[in-house]
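Participant: Structure file final_26.txt, compact mmCIF, C-alpha atoms, is pasted below:
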```txt
# COMPACT_ATOMS: atom_id res chain seq x y z
CA MET A 1 -17.89 -27.50 -10.33
CA THR A 2 -18.87 -24.08 -11.65
CA THR A 3 -16.90 -20.96 -10.93
CA GLY A 4 -17.70 -17.31 -11.22
CA SER A 5 -15.20 -16.99 -14.06
CA THR A 6 -16.92 -14.44 -16.23
CA ALA A 7 -13.88 -12.21 -16.65
CA GLY A 8 -12.82 -13.53 -20.05
CA PRO A 9 -10.51 -16.17 -21.44
CA SER A 10 -7.43 -17.46 -19.68
CA PRO A 11 -4.05 -16.13 -20.81
CA ALA A 12 -2.53 -17.93 -23.80
CA ALA A 13 -0.25 -20.83 -23.00
CA THR A 14 3.36 -19.68 -22.89
CA PRO A 15 6.46 -21.17 -21.30
CA GLY A 16 6.00 -21.08 -17.54
CA THR A 17 2.24 -20.59 -17.81
CA ALA A 18 1.54 -24.03 -16.33
CA ALA A 19 3.54 -23.17 -13.24
CA ARG A 20 1.60 -19.91 -12.87
CA ALA A 21 -1.81 -21.40 -13.66
CA PRO A 22 -2.98 -21.36 -10.02
CA LEU A 23 -1.94 -17.70 -9.68
CA ASN A 24 -3.65 -16.81 -12.95
CA ARG A 25 -6.81 -18.47 -11.70
CA VAL A 26 -6.62 -16.70 -8.34
CA GLU A 27 -6.07 -13.36 -10.08
CA GLN A 28 -9.07 -13.95 -12.33
CA GLU A 29 -11.34 -14.98 -9.45
CA LEU A 30 -10.15 -12.07 -7.30
CA ARG A 31 -10.95 -9.70 -10.15
CA ILE A 32 -14.51 -11.05 -10.20
CA VAL A 33 -14.86 -10.96 -6.42
CA LEU A 34 -13.55 -7.41 -6.26
CA ARG A 35 -15.92 -6.24 -9.00
CA ARG A 36 -18.85 -7.82 -7.17
CA ALA A 37 -17.66 -6.43 -3.85
CA ALA A 38 -17.46 -2.92 -5.31
CA ALA A 39 -21.03 -3.24 -6.58
CA ALA A 40 -22.21 -4.55 -3.20
CA GLN A 41 -20.38 -1.73 -1.40
CA SER A 42 -22.11 0.84 -3.61
CA GLU A 43 -25.48 -0.74 -2.84
CA LEU A 44 -24.76 -0.74 0.91
CA ALA A 45 -23.70 2.90 0.79
CA ARG A 46 -26.94 3.83 -1.03
CA ARG A 47 -28.96 1.95 1.61
CA ILE A 48 -27.34 4.07 4.30
CA HIS A 49 -27.80 7.34 2.45
CA PRO A 50 -28.39 8.06 -1.25
CA ASP A 51 -25.59 10.65 -1.20
CA LEU A 52 -23.02 8.42 0.53
CA ASP A 53 -19.99 7.50 -1.55
CA ALA A 54 -19.31 3.76 -1.66
CA SER A 55 -15.78 4.24 -0.34
CA ALA A 56 -17.18 5.81 2.85
CA TYR A 57 -19.18 2.71 3.88
CA PRO A 58 -16.16 0.73 5.12
CA LEU A 59 -15.05 3.76 7.13
CA LEU A 60 -18.46 4.04 8.75
CA ALA A 61 -18.50 0.30 9.47
CA ILE A 62 -15.16 0.52 11.32
CA ILE A 63 -16.18 3.68 13.18
CA THR A 64 -19.34 1.85 14.29
CA ALA A 65 -17.43 -1.27 15.36
CA GLU A 66 -14.60 0.66 17.04
CA PRO A 67 -15.96 3.79 18.73
CA GLY A 68 -13.22 6.31 19.38
CA VAL A 69 -11.01 5.21 16.47
CA HIS A 70 -8.61 7.91 15.25
CA ALA A 71 -8.92 9.38 11.78
CA THR A 72 -5.19 8.75 11.26
CA GLU A 73 -5.70 5.06 12.07
CA LEU A 74 -8.43 4.82 9.42
CA ALA A 75 -6.16 6.51 6.87
CA ARG A 76 -3.37 4.05 7.71
CA ARG A 77 -5.62 0.99 7.48
CA PHE A 78 -7.08 1.99 4.14
CA GLY A 79 -3.82 3.31 2.74
CA ILE A 80 -5.28 6.71 1.91
CA GLY A 81 -4.00 10.21 2.55
CA ARG A 82 -5.12 12.72 5.14
CA ALA A 83 -6.92 14.89 2.59
CA THR A 84 -8.96 11.94 1.30
CA ILE A 85 -9.86 10.67 4.77
CA SER A 86 -10.75 14.21 5.87
CA ARG A 87 -13.06 14.68 2.88
CA GLN A 88 -14.81 11.35 3.48
CA LEU A 89 -15.18 11.97 7.21
CA SER A 90 -16.57 15.45 6.53
CA ARG A 91 -19.23 13.89 4.31
CA LEU A 92 -20.13 11.30 6.96
CA ASP A 93 -20.36 14.14 9.49
CA GLU A 94 -22.54 16.28 7.16
CA LEU A 95 -24.91 13.35 6.72
CA GLY A 96 -25.22 12.99 10.50
CA LEU A 97 -23.67 9.51 10.54
CA ILE A 98 -20.61 10.21 12.70
CA HIS A 99 -19.48 12.49 15.46
CA ARG A 100 -15.94 13.88 15.54
CA ALA A 101 -14.28 14.99 18.76
CA VAL A 102 -10.84 16.36 19.47
CA ASP A 103 -8.61 13.77 21.13
CA PRO A 104 -7.97 15.12 24.65
CA GLU A 105 -4.53 13.47 24.66
CA ASP A 106 -3.53 14.93 21.28
CA ASN A 107 -5.58 17.91 20.17
CA ARG A 108 -4.38 17.40 16.58
CA GLY A 109 -6.21 14.04 16.41
CA GLN A 110 -9.88 13.27 16.02
CA LEU A 111 -11.79 10.56 17.84
CA LEU A 112 -14.64 9.20 15.75
CA THR A 113 -17.90 7.60 16.84
CA ALA A 114 -21.03 6.70 14.94
CA THR A 115 -24.19 8.60 15.73
CA ASP A 116 -27.30 6.62 16.65
CA SER A 117 -28.44 7.07 13.05
CA GLY A 118 -25.09 5.93 11.65
CA ARG A 119 -25.07 2.86 13.90
CA ALA A 120 -28.65 1.94 12.99
CA HIS A 121 -27.91 2.26 9.26
CA VAL A 122 -24.77 0.12 9.50
CA GLU A 123 -26.60 -2.53 11.52
CA ALA A 124 -29.42 -2.66 8.95
CA ALA A 125 -26.93 -2.86 6.06
CA LEU A 126 -24.99 -5.61 7.84
CA ALA A 127 -28.18 -7.59 8.49
CA ALA A 128 -29.08 -7.32 4.79
CA ARG A 129 -25.57 -8.37 3.79
CA LEU A 130 -25.62 -11.38 6.13
CA ASP A 131 -29.02 -12.38 4.79
CA TYR A 132 -27.63 -12.22 1.25
CA LEU A 133 -24.57 -14.28 2.22
CA SER A 134 -26.76 -16.88 3.89
CA GLN A 135 -28.54 -17.26 0.54
CA VAL A 136 -25.26 -17.45 -1.38
CA PHE A 137 -23.88 -20.15 0.92
CA SER A 138 -27.16 -21.96 1.59
CA ASP A 139 -26.03 -25.13 -0.14
CA TRP A 140 -22.44 -25.03 1.15
CA PRO A 141 -21.45 -27.21 4.11
CA ASP A 142 -20.54 -25.17 7.19
CA ASP A 143 -16.99 -26.56 7.03
CA ASP A 144 -16.56 -25.13 3.52
CA VAL A 145 -17.81 -21.70 4.61
CA SER A 146 -15.40 -21.80 7.58
CA ALA A 147 -12.54 -22.91 5.32
CA LEU A 148 -13.27 -20.02 2.96
CA ALA A 149 -13.26 -17.56 5.88
CA ASP A 150 -9.94 -18.99 7.10
CA LEU A 151 -8.38 -18.73 3.64
CA LEU A 152 -9.61 -15.16 3.18
CA ALA A 153 -8.15 -14.21 6.58
CA ARG A 154 -4.85 -15.85 5.61
CA TYR A 155 -4.88 -13.98 2.28
CA SER A 156 -5.51 -10.66 4.07
CA ALA A 157 -2.66 -11.32 6.50
CA SER A 158 -0.33 -12.11 3.59
CA VAL A 159 -1.34 -8.90 1.83
CA ASP A 160 -0.60 -6.94 5.02
CA GLU A 161 2.82 -8.61 5.33
CA VAL A 162 3.77 -7.78 1.74
CA ARG A 163 2.62 -4.17 2.16
CA ALA A 164 4.62 -3.84 5.39
CA ARG A 165 7.77 -5.14 3.67
CA ARG A 166 7.31 -2.67 0.80
CA SER A 167 6.97 0.37 3.05
```
Rewrite the coordinates I just gave you, this time as structure tokens.

Facilitator:
Amino acid sequence: MTTGSTAGPSPAATPGTAARAPLNRVEQELRIVLRRAAAAQSELARRIHPDLDASAYPLLAIITAEPGVHATELARRFGIGRATISRQLSRLDELGLIHRAVDPEDNRGQLLTATDSGRAHVEAALAARLDYLSQVFSDWPDDDVSALADLLARYSASVDEVRARRS
């Protein structure tokens, strides 16, 4: 079985290394996945608009999927500050990809929706991404793809639990 392990050699064997070998392998593979994900996110952002920062694509995707989401909810989910979220939302607004409205129940909050253009761009980017993934997993059994999705969801839930305990 081949892996994507192109991140360099494994750590040198030291006492306790054998017990941590699975974690070392996970860390190495996550490093590779995250690097590839960052590159893919940059490509998706460029598909939407050449001036769109890669970090704004996930925001736009959520705004498209959840019309009326609050800016503060996005900041919480992504673990970023108000100034950063405000800057990114301003850029999405300038590019005509989102619409911001004052929350009638709390005039300090903003309700966010994607414009028709923003929605169309996200849908096209998602279709391209799904096409790419179908190529990547073309020789995988459906059960393996489902198992991977389940494990990734479990990993994400564990990350959320650890973050919640730390805050």

Participant: Rounded to one decimal in Å, what is the spacing between CA of Arg47 (chain A) and CA of Ala101 (chain A)?

Facilitator: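 Between these atoms lies a distance of 26.1 Å.
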
Participant: CA of Leu60 (chain A) to CA of Asp150 (chain A): how many Å, to one decimal?

Facilitator: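 We find that CA of Leu60 (chain A) and CA of Asp150 (chain A) lie 24.6 Å from each other.
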
Participant: For region 115-130 of chain A, find every residue with an atom within 6 Å (counting all atoms listed in the file), except residues of its own chain fewer than 6 positions away, and show them as a list in words.

Facilitator: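 The residues that qualify are Leu44, Ile48, Thr64, Leu97 and Ile98 of chain A.
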
Participant: Counting all atoms listed in the file, which of A:Arg77, A:Leu112, A:Ala37, A:Ser55 gets nearest to His99 (chain A)?

Facilitator: A:Leu112

Participant: By how many Å are CA of Tyr57 (chain A) and CA of Ala40 (chain A) apart?

Facilitator: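 Separation between CA of Tyr57 (chain A) and CA of Ala40 (chain A): 10.6 Å.
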
Participant: Considering only C-alpha atoms, state which residue in the set A:Ile32, A:Leu92, A:Ile85, A:Ala157 is at the smallest distance from Asp53 (chain A).

Facilitator: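 Closest candidate: A:Leu92.
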
Participant: Write out as a ChimeraX atom specification each polymer residue whose atoms come within 12 Å of region 161-165 of chain A, counting only C-alpha atoms; drop sequence neighbours fewer than 3 positions from it.

Facilitator: /A:76-79,154-158

Participant: Identify which of the residues A:Asp51, A:Val136, A:Gly109, A:Arg82 lies closest to Glu94 (chain A), counting only C-alpha atoms when measuring atom-to-atom distances.

Facilitator: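 Smallest separation from Glu94 (chain A) among the options: A:Asp51.
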